[in-house]
2 protein chains.
Amino acid sequence: MAICLQSPLKPISLSPQSTHSAVFKSKPFICNLSLSSPNTQLANEPDPVFTSVRTFAPATIANLGPGFDFLGCAVDGVGDFVSLSVDPSVHPGQIAIANISGAAASAKKLTKNPLFNCAGIAAIAAMKLLGIRSVGLSLSLEKGLPLGSGLGSSAASAAAAAVAVNEIFGRKLSASELVQAGLESEAKVSGYHADNIAPAILGGFVLIRNYEPLDLMELKFPVEKELFFVLVSPDFEAPTKKMRAALPEEIGMPHHVWNCSQAGALVAAVLMGDLEGLGKALSSDLIVEPRRAPLIPGMEGVKKAAIEAGAFGCTISGAGPTAVAVTDGEERGREIGERMVEAFWKEGNLKAVAMVKRLDRVGARVVSSIPG
Amino acid sequence: MAICLQSPLKPISLSPQSTHSAVFKSKPFICNLSLSSPNTQLANEPDPVFTSVRTFAPATIANLGPGFDFLGCAVDGVGDFVSLSVDPSVHPGQIAIANISGAAASAKKLTKNPLFNCAGIAAIAAMKLLGIRSVGLSLSLEKGLPLGSGLGSSAASAAAAAVAVNEIFGRKLSASELVQAGLESEAKVSGYHADNIAPAILGGFVLIRNYEPLDLMELKFPVEKELFFVLVSPDFEAPTKKMRAALPEEIGMPHHVWNCSQAGALVAAVLMGDLEGLGKALSSDLIVEPRRAPLIPGMEGVKKAAIEAGAFGCTISGAGPTAVAVTDGEERGREIGERMVEAFWKEGNLKAVAMVKRLDRVGARVVSSIPG
């Protein structure tokens with residue numbers, strides 16, 4: 001856990017509570033990274049390589065059917081941007097969030113206090129891993145993703161921020177360390193799970209094999225194959241507490257064996273580029289989806305509509321309310337999306353919007369940079 | 001379910017009870033495949049292509065750690081042989097078991113009644129699938145595998161028999177149909193599970209995705225990589241009833257998620273040829289192995305000894321009592337085997353024998369044939 005300071009001598013332990021909705025109005029928020037003097041540069045503290053960088057991190061789909069809580073993947077072309085600059089007006093070793101913008105109305109809800117903002121927490125964690133004490137940074141966040149949609153909004157912000165810090169200081173951190181930095185953020189705002197942050201950093205499909213130590217498997221979907229996600233988000237706030245409470249505490253052995261076998265089949269289908277198998281496995285969860293789908297009005301009908309329209313499979317993205325279907329073509333994806341939107345309206349009385357996106361194979365990336 | 005006859009007009013429904021230990025002394029045992037006249041050849045009934053064939057089917061390892069009940073693999077160079085001949089002295093459409101032999105002392109326990117013998121049941125099922133009514137067959141079984149060792153003894157007999165019948169009549173059945181025939185045998189003698197019979201037929205690693213309809217995924221371990229199994233069988237009869245009773249009925253969500261993720265990692269490691277990852281996943285079961293290992297004297301110490309000797313991983317083969325470890329070299333495998341044998345003696349007071357075998361990538365096969 002990061003120990004941060006609002007004044008040099010008053011350490012604060014960060015609280016793990018969710019702070020997406022918290023609004024902190026006093027400014028500026030600053031965070032030191034150690035109790036040592038901020039002007040004492042350590043021998044191994046890296047110098048900034050850039051004065052400014054701009055990064056992007058993609059949306060992600062976690063809880064992939066039977067891959068609940070350990071398998072996620074990244075979605076191309078939608079996500080969050082972070083602009084990060086060396087800022088002499090920020091106290092050395094500290095970070096300030098200058099601006100939060102974005103089409104998503106919910107961006108307004110986000111705090112600029114870096115101690116409680118996804119991007120801020122991840123940036124602080126990355127600075128801590130790098131041992132930054134001599135340089136102050138200023139961060140701006142552009143939200144492309146709405147909060148609470150089930151598309152890894154918090155992870156996208158955290159990933160973009162961690163990668164931006166790493167880039168400015170010359171890429172000293174490994175991918176695993178970047179995930180670790182992002183995981184600190186996830187733990188504080190949405191729970192200690194890496195199935196959004198790992199694919200947001202690494203791209204593609206990522207299996208979380210272990211947390212102690214963090215052990216990730218990148219599952220390469222064959223480059224010669226196309227994979228499209230149809231993401232349909234209804235105008236509905238998935239009740240997070242209810243979504244968690246819906247999970248069974250105990251699972252009967254037959255359902256356990258079934259879901260395990262489907263998880264194995266899902267992993268195999270990803271690696272073999274078997275889209276039909278991937279869709280079948282995605283649709284096959286008998287443990288989580290049957291408990292959660294009834295809490296999202298129309299979800300069962302939406303899944304049925306997706307399959308009838310030719311999707312290989314369909315399930316809930318993350319903890320919802322977005323529904324995700326898979327297909328192999330963009331045009332077919334649009335047709336499937338239309339049927340899913342109709343079904344949300346007919347079966348759940350909910351307005352919804354659809355988008356068709358490719359698998360993101362890259363993960364968080366640098367968009368531009370200005371040399372120092 | 002096959003309907004068989006001891007006399008042409010008295011149908012018998014086969015009982016699902018285990019018959020490994022049953023001894024039937026009256027002979028000959030015959031089995032018709034339908035209620036129609038045995039001399040009426042159907043238009044689509046295939047003619048025999050060979051007068052005699054000899055087949056082999058390999059040992060198999062099921063319950064592969066977190067792959068419990070849905071993932072198995074085949075082991076090269078150890079298994080059962082079946083010799084099958086067109087026999088005019090056997091009533092058309094019927095099969096007789098002429099001989100059962102083999103080094104395994106337990107071969108003597110096996111019945112020659114084809115209705116209750118693994119090879120007989122699978123042969124009958126294959127004949128039924130082919131619609132054989134005009135040709136009588138005589139089968140001899142050579143057991144290379146002891147019964148109840150956890151190495152798929154019954155599946156090896158069934159696989160060799162089904163493949164022999166299919167070969168004699170010109171290979172009309174698909175691999176999936178052969179597995180279905182073998183599964184009829186498994187259901188009657190050791191339970192309705194395909195994680196031994198499927199790899200015994202297909203070779204390599206096989207994931208059982210579904211039973212209705214039967215849906216198998218062959219997981220190709222990369223051909224350029226070597227994979228050795230160290231199989232150590234103690235002189236101990238694993239108490240099957242206790243082994244089944246030891247399984248938990250309910251599984252807590254954290255353990256379910258853990259085992260699911262390890263199952264996914266195991267599948268990925270197989271497909272990527274990642275031996276270290278394969279071993280790690282194999283060793284990681286938190287649900288079945290911790291309940292069963294204490295029922296096999298010394299097993300926990302044997303696993304520890306295998307890992308200390310350099311094995312990538314170790315678990316129980318099938319329902320035991322054989323322990324299986326994985327490694328990448330034959331010589332290293334022999335050393336690991338020695339340590340495991342010592343541990344069975346020291347920790348469990350059990351004599352044990354070790355063998356080091358490659359992954360079998362072929363499955364049940366024809367060894368020789370005599371054209372008709």
# chains A, B, ... in the order shown; residues from 1 in each chain; ligands from 1

$ interface_residues --of "chain A" --to "chain B" --cutoff "10 Å" --atoms "only C-alpha atoms" --output "VMD selection string"
chain A and resid 66 to 71 207 to 210 216 to 220 247 to 272 277 281 287

$ select_by_dssp --residues "stretch 24-192 of chain B" --states "strand (DSSP E or B)" --output "ChimeraX atom specification"
/B:50-61,64,67,71-86,95-102,137-143

$ residues_around --residues "B:Ala305" --least-positions-apart "6" --cutoff "8 Å" --atoms "only C-alpha atoms" --output "PyMOL selection string"
chain B and resi 336+339-340+343

$ atom_distance --atom1 "atom CA of A:Phe81" --atom2 "atom CA of A:Glu142"
5.0 Å

$ residues_around --residues "B:Leu231" --least-positions-apart "2" --cutoff "9 Å" --atoms "only C-alpha atoms" --output "list in words"
Phe229, Ser233, Ser317, Thr322, Ala323, Val324, Ala325, Val326, Gly337, Val353, Ala354, Met355, Val356 and Lys357 of chain B

$ residues_around --residues "A:Leu183" --least-positions-apart "3" --cutoff "10 Å" --atoms "only C-alpha atoms" --output "ChimeraX atom specification"
/A:118,121-122,125,155,158-159,177-180,186-198

$ residues_around --residues "A:Gly148" --least-positions-apart "5" --cutoff "8 Å" --atoms "only C-alpha atoms" --output "MDAnalysis selection string"
chainID A and resid 153 237:238 320

$ residues_around --residues "A:Asp235" --least-positions-apart "3" --cutoff "10 Å" --atoms "only C-alpha atoms" --output "PyMOL selection string"
chain A and resi 149+232+238+321-322+344+349-353

$ select_by_dssp --residues "stretch 94-261 of chain A" --states "alpha helix (DSSP H)" --output "ChimeraX atom specification"
/A:118-130,153-168,175-189,197-202,240-245,253-261

$ write_last_selection --atoms "C-alpha atoms" --output "mmCIF file, in the first residue's frame"
data_model
loop_
_atom_site.group_PDB
_atom_site.id
_atom_site.type_symbol
_atom_site.label_atom_id
_atom_site.label_comp_id
_atom_site.auth_asym_id
_atom_site.auth_seq_id
_atom_site.Cartn_x
_atom_site.Cartn_y
_atom_site.Cartn_z
ATOM 1 C CA CYS A 118 -7.893 5.972 -10.501
ATOM 2 C CA ALA A 119 -5.339 7.679 -12.725
ATOM 3 C CA GLY A 120 -3.791 9.497 -9.764
ATOM 4 C CA ILE A 121 -3.396 6.383 -7.629
ATOM 5 C CA ALA A 122 -1.815 4.426 -10.479
ATOM 6 C CA ALA A 123 0.495 7.320 -11.369
ATOM 7 C CA ILE A 124 1.597 7.599 -7.739
ATOM 8 C CA ALA A 125 2.225 3.856 -7.594
ATOM 9 C CA ALA A 126 4.302 4.000 -10.775
ATOM 10 C CA MET A 127 6.293 6.999 -9.442
ATOM 11 C CA LYS A 128 6.892 5.074 -6.244
ATOM 12 C CA LEU A 129 8.153 2.023 -8.149
ATOM 13 C CA LEU A 130 10.505 4.302 -10.090
ATOM 14 C CA SER A 153 -13.414 2.417 -17.020
ATOM 15 C CA SER A 154 -11.284 2.686 -13.886
ATOM 16 C CA ALA A 155 -8.677 0.292 -15.283
ATOM 17 C CA ALA A 156 -8.363 2.300 -18.502
ATOM 18 C CA SER A 157 -7.611 5.476 -16.534
ATOM 19 C CA ALA A 158 -5.132 3.677 -14.297
ATOM 20 C CA ALA A 159 -3.382 1.944 -17.205
ATOM 21 C CA ALA A 160 -3.023 5.143 -19.227
ATOM 22 C CA ALA A 161 -1.600 6.952 -16.187
ATOM 23 C CA ALA A 162 0.888 4.227 -15.197
ATOM 24 C CA VAL A 163 2.144 3.927 -18.778
ATOM 25 C CA ALA A 164 2.464 7.727 -19.055
ATOM 26 C CA VAL A 165 4.620 7.953 -15.917
ATOM 27 C CA ASN A 166 6.780 5.087 -17.127
ATOM 28 C CA GLU A 167 7.202 6.669 -20.550
ATOM 29 C CA ILE A 168 8.260 10.058 -19.211
ATOM 30 C CA ALA A 175 4.677 -4.713 -17.951
ATOM 31 C CA SER A 176 4.138 -6.694 -14.771
ATOM 32 C CA GLU A 177 5.167 -3.702 -12.651
ATOM 33 C CA LEU A 178 2.791 -1.490 -14.596
ATOM 34 C CA VAL A 179 -0.015 -3.959 -13.882
ATOM 35 C CA GLN A 180 0.999 -3.924 -10.227
ATOM 36 C CA ALA A 181 0.747 -0.113 -10.195
ATOM 37 C CA GLY A 182 -2.657 -0.265 -11.843
ATOM 38 C CA LEU A 183 -3.756 -2.975 -9.445
ATOM 39 C CA GLU A 184 -3.150 -0.620 -6.520
ATOM 40 C CA SER A 185 -5.658 1.698 -8.117
ATOM 41 C CA GLU A 186 -8.169 -1.063 -8.866
ATOM 42 C CA ALA A 187 -7.914 -2.336 -5.287
ATOM 43 C CA LYS A 188 -8.914 1.076 -4.013
ATOM 44 C CA VAL A 189 -11.699 1.929 -6.404
ATOM 45 C CA ILE A 197 -6.065 -3.739 -15.551
ATOM 46 C CA ALA A 198 -3.892 -6.558 -16.966
ATOM 47 C CA PRO A 199 -5.477 -6.551 -20.449
ATOM 48 C CA ALA A 200 -5.730 -2.729 -20.322
ATOM 49 C CA ILE A 201 -1.921 -2.675 -19.990
ATOM 50 C CA LEU A 202 -0.983 -5.699 -22.081
ATOM 51 C CA THR A 240 -22.941 -3.162 -7.834
ATOM 52 C CA LYS A 241 -23.866 -4.321 -4.358
ATOM 53 C CA LYS A 242 -26.659 -6.487 -5.714
ATOM 54 C CA MET A 243 -24.352 -7.822 -8.433
ATOM 55 C CA ARG A 244 -21.868 -8.950 -5.821
ATOM 56 C CA ALA A 245 -24.529 -10.263 -3.467
ATOM 57 C CA MET A 253 -19.370 -30.125 -7.824
ATOM 58 C CA PRO A 254 -21.149 -30.726 -11.171
ATOM 59 C CA HIS A 255 -21.416 -26.990 -11.849
ATOM 60 C CA HIS A 256 -17.815 -26.492 -10.763
ATOM 61 C CA VAL A 257 -16.597 -29.186 -13.170
ATOM 62 C CA TRP A 258 -18.768 -27.798 -15.955
ATOM 63 C CA ASN A 259 -17.544 -24.230 -15.571
ATOM 64 C CA CYS A 260 -13.921 -25.391 -15.234
ATOM 65 C CA SER A 261 -14.200 -27.355 -18.458
#

$ atom_distance --atom1 "atom CA of A:Leu137" --atom2 "atom CA of A:Val366"
16.8 Å
